[in-house]
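Comments concern the structure below.
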Amino acid sequence: MGAAGLEAAGQVLGLPRADMGSTARGAGRSGAQHAMAVNETIAAFVVGGSVPGAAGGVGTVRSWSTETEFLLPGGKRKVRPDGVRQAPEIGVPVLMVEVDRSTMAPADVAAKFPRYRELFRTKVRDNDPALADREPADRTVHWWRRPWPGHTRAGYPPVALVVTVAGPVALANRQQAVADLSADC
């Protein structure tokens with residue numbers, strides 16, 4: 001993100017430029033490229049598009065968490081989205097985000113989606129006192145409905161795949177490959 005992007009992010013976050021610092025020379029060049037790509041993705045969601053007519057941003061940086069770990073049943077396998085966004089104001093109580101810097105094989109990226117599906121299908125006991133008179137089987141809900149209630153859309157929460165470091169042709173090919181490999185999800 002260049003100086004203009006930092007300036008825009010500072011305005012959205014309400015930070016004066018002096019409190020934000022300046023663009024770090026070489027930040028993300030070694031060892032932290034993925035973390036920087038995740039940060040840039042979050043900033044893009046918050047600030048919004050930069051081309052004429054692009055949608056504005058939504059939420060704040062505080063509505064995000066990064067590298068949040070969710071255990072699958074049995075506790076052996078994990079799902080760890082790069083970003084988790086709480087966004088009830090746009091009708092999505094939770095959005096999971098995967099950032100792909102085009103360094104993993106498309107099959108490895110696609111392999112993440114069955115784990116999300118397994119996680120979203122997991123049911124837990126709902127301890128809502130209003131359900132006390134129901135049978136135990138009728139008191140179970142999908143795990144994600146407990147921390148993020150009020151989800152009225154059909155299906156599971158969305159998972160966004162953000163691809164970086166790819167030109168238009170490579171991006172289109174990568175998107176198609178991941179879509180084909182994860183079509184059942």
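Letters A, B, ... mark the chains of the structure tokens in the order given; residue numbers begin at 1 per chain; ligand numbers begin at 1, in order shown.
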Practice item. Give the strand (DSSP E) residues of range 25-183 of chain A, as assigned by DSSP on the backbone, as a VMD selection string. Key: chain A and resid 64 to 66 70 to 71 78 to 79 83 to 87 92 to 100 123 to 125 140 to 142 159 to 163
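CA of Arg146 in chain A to CA of Lys76 in chain A spans 21.9 Å [interatomic distance, one decimal].
Candidate residues A:Leu71, A:Ala35, A:Val99, A:Ala43 were compared for distance to Val165 in chain A, and the nearest is A:Val99, using only C-alpha atoms.
Here CA of Gly49 in chain A is placed at a distance of 26.3 Å from CA of Arg80 in chain A.
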Exercise for review: Give me every helix (DSSP H, G or I) residue in range 46-165 of chain A, going by DSSP on the backbone, as a ChimeraX atom specification.
Suggested key: /A:46-47,61-63,88-90,106-110,112-121,129-131,136-139,143-145
Review point. Counting only C-alpha atoms, what is within 9 Å of range 114-125 of chain A, bar same-chain residues fewer than 4 positions away, as number ranges by chain?
Key: A: 70-73, 77-79, 110, 136-144, 146, 156-157, 159, 182, 184-185
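Among A:Asp128, A:Glu98, A:Glu40, A:Asp133, the residue with the shortest atom-to-atom distance to Pro81 in chain A, counting only C-alpha atoms, is A:Glu98.
Here the question is which of A:Val61, A:Ala44, A:Ala183, A:Leu131 gets nearest to Val162 in chain A using only C-alpha atoms, and that residue is A:Ala44.
Coordinates place CA of Ala87 in chain A at a distance of 11.1 Å from CA of Val46 in chain A.
Residues surrounding Ala177 in chain A within 8 Å are Pro106, Ala107, Asn173 and Leu181 of chain A [only C-alpha atoms; sequence separation below 4 positions excluded].
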